[in-house]
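J.: My structure is in model.txt, and what it holds is compact mmCIF, C-alpha atoms:
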```
# COMPACT_ATOMS: atom_id res chain seq x y z
CA MET N 1415 0.00 0.00 0.00
CA CYS N 1416 1.34 3.41 -0.93
CA ASP N 1417 2.04 5.68 2.03
CA GLY N 1418 2.15 8.79 -0.13
CA LYS N 1419 5.83 9.54 0.50
CA ILE N 1420 8.95 9.64 -1.62
CA VAL N 1421 12.03 9.12 0.51
CA LEU N 1422 15.32 10.42 -0.89
CA ALA N 1423 17.89 7.83 0.12
CA LEU N 1424 21.46 7.42 -1.04
CA PRO N 1425 23.40 4.13 -0.94
CA ASP N 1426 24.85 3.09 2.43
CA TRP N 1427 28.45 3.66 1.33
CA VAL N 1428 27.93 7.40 0.73
CA GLY N 1429 27.90 8.43 4.40
CA PRO N 1430 31.16 6.72 5.37
CA PHE N 1431 32.79 8.02 2.18
CA LEU N 1432 31.83 11.62 2.96
CA GLU N 1433 33.08 11.33 6.53
CA LYS N 1434 36.59 10.89 5.10
CA GLN N 1435 36.33 13.97 2.88
CA ASP N 1436 36.83 17.64 3.55
CA SER N 1437 33.70 19.67 4.15
CA VAL N 1438 35.05 22.62 2.17
CA PHE N 1439 36.36 22.50 -1.41
CA LYS N 1440 38.10 25.73 -2.33
CA ASP N 1441 38.52 25.19 -6.07
CA ILE N 1442 36.27 24.01 -8.90
CA GLU N 1443 38.50 21.07 -9.80
CA GLY N 1444 38.35 19.76 -6.24
CA ARG N 1445 34.56 19.92 -6.28
CA MET N 1446 34.46 18.09 -9.61
CA ARG N 1447 36.88 15.43 -8.41
CA LEU N 1448 34.53 14.70 -5.51
CA VAL N 1449 31.49 14.15 -7.73
CA ILE N 1450 33.48 12.09 -10.24
CA GLU N 1451 34.63 9.89 -7.37
CA LEU N 1452 31.00 9.52 -6.30
CA SER N 1453 30.08 8.43 -9.82
CA ARG N 1454 33.00 5.96 -9.89
CA LEU N 1455 32.09 4.43 -6.54
CA ASN N 1456 28.46 4.13 -7.59
CA VAL N 1457 29.68 1.93 -10.44
CA GLU N 1458 32.14 0.02 -8.25
CA TYR N 1459 29.52 -0.75 -5.59
CA GLU N 1460 26.91 -1.52 -8.28
CA THR N 1461 24.40 0.82 -6.64
CA GLY N 1462 23.38 2.77 -9.74
CA GLY N 1463 24.39 4.55 -12.90
CA PRO N 1464 27.72 6.32 -13.52
CA PHE N 1465 26.64 9.77 -12.42
CA GLY N 1466 27.41 11.93 -9.39
CA ALA N 1467 26.54 15.46 -8.30
CA GLY N 1468 27.14 17.89 -5.48
CA ILE N 1469 25.77 21.21 -4.31
CA PHE N 1470 28.27 23.64 -2.82
CA GLU N 1471 28.28 27.18 -1.56
CA ARG N 1472 29.67 29.02 -4.56
CA VAL N 1473 31.93 31.25 -2.46
CA GLY N 1474 33.94 29.23 0.00
CA GLY N 1475 33.04 25.82 -1.38
CA LYS N 1476 31.20 24.35 1.61
CA LEU N 1477 29.58 21.06 0.61
CA LEU N 1478 25.83 21.07 1.24
CA ALA N 1479 24.65 17.82 -0.35
CA VAL N 1480 25.61 15.09 -2.77
CA GLY N 1481 23.70 12.77 -5.05
CA VAL N 1482 24.32 9.66 -7.11
CA ASN N 1483 22.09 7.97 -9.64
CA VAL N 1484 19.82 5.43 -7.91
CA VAL N 1485 17.19 4.96 -10.63
CA ILE N 1486 17.39 1.16 -10.53
CA ASP N 1487 17.52 0.66 -6.76
CA MET N 1488 14.65 3.10 -6.14
CA SER N 1489 12.62 1.90 -9.15
CA CYS N 1490 12.21 5.58 -9.96
CA SER N 1491 13.18 7.30 -13.21
CA LEU N 1492 13.38 10.62 -11.33
CA ALA N 1493 16.29 9.47 -9.16
CA HIS N 1494 19.11 10.99 -11.19
CA ALA N 1495 22.17 12.27 -9.35
CA GLU N 1496 21.27 15.93 -9.87
CA MET N 1497 17.64 15.46 -8.80
CA MET N 1498 18.69 13.58 -5.65
CA CYS N 1499 21.27 16.22 -4.83
CA ILE N 1500 18.91 19.15 -5.33
CA GLY N 1501 16.20 17.53 -3.24
CA LEU N 1502 18.55 16.61 -0.40
CA ALA N 1503 20.06 20.10 -0.32
CA GLN N 1504 16.62 21.69 -0.21
CA GLN N 1505 15.50 19.39 2.59
CA LYS N 1506 18.69 20.10 4.53
CA LEU N 1507 18.19 23.86 4.23
CA LYS N 1508 14.41 23.53 4.64
CA THR N 1509 13.62 25.52 1.51
CA PHE N 1510 12.42 24.74 -2.00
CA ASP N 1511 14.57 27.63 -3.27
CA LEU N 1512 18.34 27.39 -2.88
CA GLY N 1513 18.53 30.96 -4.11
CA ALA N 1514 16.26 32.33 -1.38
CA GLU N 1515 17.10 35.61 0.31
CA GLY N 1516 19.60 35.19 3.12
CA LEU N 1517 21.18 32.02 1.70
CA PRO N 1518 24.66 31.94 0.20
CA ALA N 1519 24.73 31.47 -3.59
CA CYS N 1520 24.79 27.77 -4.42
CA GLU N 1521 26.18 25.86 -7.37
CA LEU N 1522 25.48 22.42 -8.79
CA VAL N 1523 28.48 20.34 -9.85
CA SER N 1524 27.60 17.37 -12.06
CA SER N 1525 29.89 14.65 -13.36
CA THR N 1526 27.99 14.80 -16.68
CA GLU N 1527 25.94 17.52 -18.36
CA PRO N 1528 22.30 17.38 -17.20
CA CYS N 1529 19.81 15.34 -19.18
CA ALA N 1530 16.58 16.96 -20.33
CA MET N 1531 14.81 16.25 -17.02
CA CYS N 1532 17.60 17.58 -14.80
CA LEU N 1533 18.10 20.57 -17.06
CA GLY N 1534 14.44 21.45 -16.58
CA ALA N 1535 14.79 21.25 -12.79
CA ILE N 1536 17.82 23.51 -12.51
CA PRO N 1537 16.12 26.92 -12.95
CA TRP N 1538 13.61 26.13 -10.19
CA SER N 1539 16.25 24.74 -7.82
CA GLY N 1540 17.72 28.16 -7.06
CA VAL N 1541 21.34 27.31 -7.90
CA ARG N 1542 23.30 30.14 -9.51
CA ARG N 1543 26.00 28.16 -11.30
CA LEU N 1544 26.25 24.77 -13.04
CA ILE N 1545 29.60 23.04 -13.48
CA CYS N 1546 29.75 20.00 -15.78
CA GLY N 1547 32.34 17.28 -16.38
CA ALA N 1548 31.52 14.91 -19.25
CA ARG N 1549 29.29 16.09 -22.07
CA GLY N 1550 25.83 14.79 -22.83
CA ARG N 1551 27.14 13.19 -25.99
CA ASP N 1552 29.63 11.21 -23.89
CA ALA N 1553 26.68 9.61 -22.09
CA CYS N 1554 24.88 9.07 -25.39
CA GLU N 1555 27.94 7.33 -26.84
CA ILE N 1556 27.64 4.55 -24.26
CA GLY N 1557 23.91 4.22 -24.91
CA PHE N 1558 22.10 6.55 -22.52
CA ASP N 1559 19.15 8.61 -23.75
CA GLU N 1560 19.71 12.16 -22.53
CA GLY N 1561 16.37 13.40 -23.84
CA VAL N 1562 15.54 16.32 -26.08
CA LYS N 1563 17.45 19.50 -25.28
CA VAL N 1564 17.66 22.66 -27.34
CA PRO N 1565 21.11 23.10 -28.92
CA ASP N 1566 21.73 26.30 -26.94
CA TRP N 1567 20.59 24.88 -23.59
CA ALA N 1568 23.53 26.48 -21.76
CA ASP N 1569 22.49 29.90 -23.05
CA THR N 1570 18.94 29.36 -21.77
CA LEU N 1571 20.38 28.94 -18.27
CA LYS N 1572 22.65 31.96 -18.67
CA ASN N 1573 19.60 34.00 -19.66
CA ARG N 1574 18.15 33.08 -16.26
CA GLY N 1575 21.26 34.22 -14.44
CA ILE N 1576 22.79 30.76 -14.06
CA THR N 1577 26.43 30.54 -15.11
CA VAL N 1578 27.50 27.34 -16.93
CA LEU N 1579 31.06 26.00 -16.85
CA PRO N 1580 31.46 22.96 -19.15
CA ASP N 1581 34.20 20.37 -19.65
CA VAL N 1582 35.74 20.56 -16.17
CA LEU N 1583 37.86 17.39 -15.89
CA ARG N 1584 35.89 16.00 -18.82
CA LYS N 1585 38.40 13.23 -19.53
CA GLU N 1586 38.21 11.85 -15.98
CA ALA N 1587 34.42 12.04 -15.93
CA ARG N 1588 34.13 10.36 -19.33
CA GLU N 1589 36.37 7.51 -18.17
CA VAL N 1590 33.75 6.56 -15.55
CA LEU N 1591 31.08 6.36 -18.25
CA ILE N 1592 33.29 4.10 -20.34
CA LYS N 1593 34.09 1.90 -17.35
CA TYR N 1594 30.37 1.48 -16.65
CA LYS N 1595 29.75 0.39 -20.23
CA GLU N 1596 32.72 -1.99 -20.27
CA SER N 1597 31.68 -3.56 -16.95
CA GLY N 1598 28.27 -4.46 -18.36
CA GLY N 1599 26.34 -1.78 -16.48
CA LEU N 1600 22.65 -1.61 -17.33
CA ILE N 1601 21.66 1.12 -19.80
CA TYR N 1602 18.21 1.81 -18.37
CA ASN N 1603 16.53 4.05 -20.91
CA GLY N 1604 12.75 4.12 -20.63
CA ARG N 1605 11.40 1.77 -23.33
CA GLN N 1606 14.98 1.60 -24.57
CA ALA N 1607 14.41 4.85 -26.44
CA THR N 1608 17.19 6.10 -28.68
CA PHE N 1609 16.93 9.62 -30.02
CA PRO N 1610 19.59 11.71 -31.73
CA ILE N 1611 20.75 14.41 -29.34
CA LYS N 1612 21.95 17.74 -30.73
CA GLU N 1613 25.07 19.25 -29.22
CA SER N 1614 25.02 22.63 -27.54
CA ASN N 1615 26.88 25.51 -29.17
CA GLN N 1616 29.83 24.87 -26.86
CA SER N 1617 32.99 23.68 -28.57
```
Represent the structure contained in this file as structure tokens.

T.:
Amino acid sequence: MCDGKIVLALPDWVGPFLEKQDSVFKDIEGRMRLVIELSRLNVEYETGGPFGAGIFERVGGKLLAVGVNVVIDMSCSLAHAEMMCIGLAQQKLKTFDLGAEGLPACELVSSTEPCAMCLGAIPWSGVRRLICGARGRDACEIGFDEGVKVPDWADTLKNRGITVLPDVLRKEAREVLIKYKESGGLIYNGRQATFPIKESNQS
């Protein structure tokens, strides 16, 4: 019987892993390395897809929340790393708007560019900057369906006051995607859909 609740739960290994990490990440590369390591461990522990995300205070780099892809374990197509991370950060801060007055500016760091669903959620999350590792086409190359995004999706965020920094440690992030594919990881597209995805204007 449904109890009417969706519980955001990360794999058991995440807590002990975070306890060994710093709580403040001064530079962008350090923040990206953390989320790439989350994506790698998610593959290693076989707890979900090869994607990780983190929300940090933009100035200072305090870590507020992390997320990994748990679509399969939760039997929920919404449970992408970015969606989990946004939801957990909002619950931690007790606000639906991470850009609310009185809060420090927040940024979302994602091991791979957001898919269509996560891209749609970003403007309403309240984050003021998005930092990406691998590109959407890197995920598509191993079989994932990233959904339909306008070619200039990064510009649409910029027009809303959200800065986008692409290709941060792209090689390292892409290696996790390849490892997932090579290890036989499940490509869990809904109805096994395959659609051609147009690149953004970024080079």

J.: Closest to Arg1588 of chain N among N:Pro1464, N:Gly1516, N:Pro1565, N:Pro1537, using only C-alpha atoms?

T.: N:Pro1464

J.: Between N:Asp1569, N:Glu1496, N:Glu1560, N:Glu1555, which is the closest to Glu1521 of chain N once you count all atoms listed in the file?

T.: N:Glu1496

J.: Quick one: distance from atom CA of Val1457 of chain N to atom CA of Cys1520 of chain N in Å, one decimal?

T.: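 Between atom CA of Val1457 of chain N and atom CA of Cys1520 of chain N the gap is 27.0 Å.
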
J.: Which residues come within 8 Å of Ile1576 of chain N, counting only C-alpha atoms, excluding same-chain residues fewer than 4 positions away, as a list in words?

T.: Pro1537, Val1541, Arg1542, Arg1543, Leu1544, Leu1571 and Lys1572 of chain N

J.: Would you list the contacts of Asn1483 of chain N as number ranges by chain, taking every protein, DNA or RNA residue within 10 Å and counting all atoms listed in the file, but skipping same-chain residues closer than 3 positions in sequence?

T.: N: 1424-1425, 1452-1453, 1456-1457, 1461-1467, 1486-1488, 1491-1499

J.: Near Lys1440 of chain N, within 12 Å and counting all atoms listed in the file, which residues show up once chain neighbours fewer than 6 positions away are dropped, as a PDB file with C-alpha atoms, keeping the file's coordinate frame?

T.:
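As written to disk, out19.pdb reads:
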```
ATOM      1  CA  MET N1446      34.460  18.090  -9.610  1.00  0.00           C
ATOM      2  CA  PHE N1470      28.270  23.640  -2.820  1.00  0.00           C
ATOM      3  CA  GLU N1471      28.280  27.180  -1.560  1.00  0.00           C
ATOM      4  CA  ARG N1472      29.670  29.020  -4.560  1.00  0.00           C
ATOM      5  CA  VAL N1473      31.930  31.250  -2.460  1.00  0.00           C
ATOM      6  CA  GLY N1474      33.940  29.230   0.000  1.00  0.00           C
ATOM      7  CA  GLY N1475      33.040  25.820  -1.380  1.00  0.00           C
ATOM      8  CA  LYS N1476      31.200  24.350   1.610  1.00  0.00           C
ATOM      9  CA  LEU N1477      29.580  21.060   0.610  1.00  0.00           C
TER      10      LEU N1477
END
```

J.: To one decimal place, how far is atom CA of Gly1599 of chain N from atom CA of Ala1423 of chain N in Å?

T.: 21.0 Å
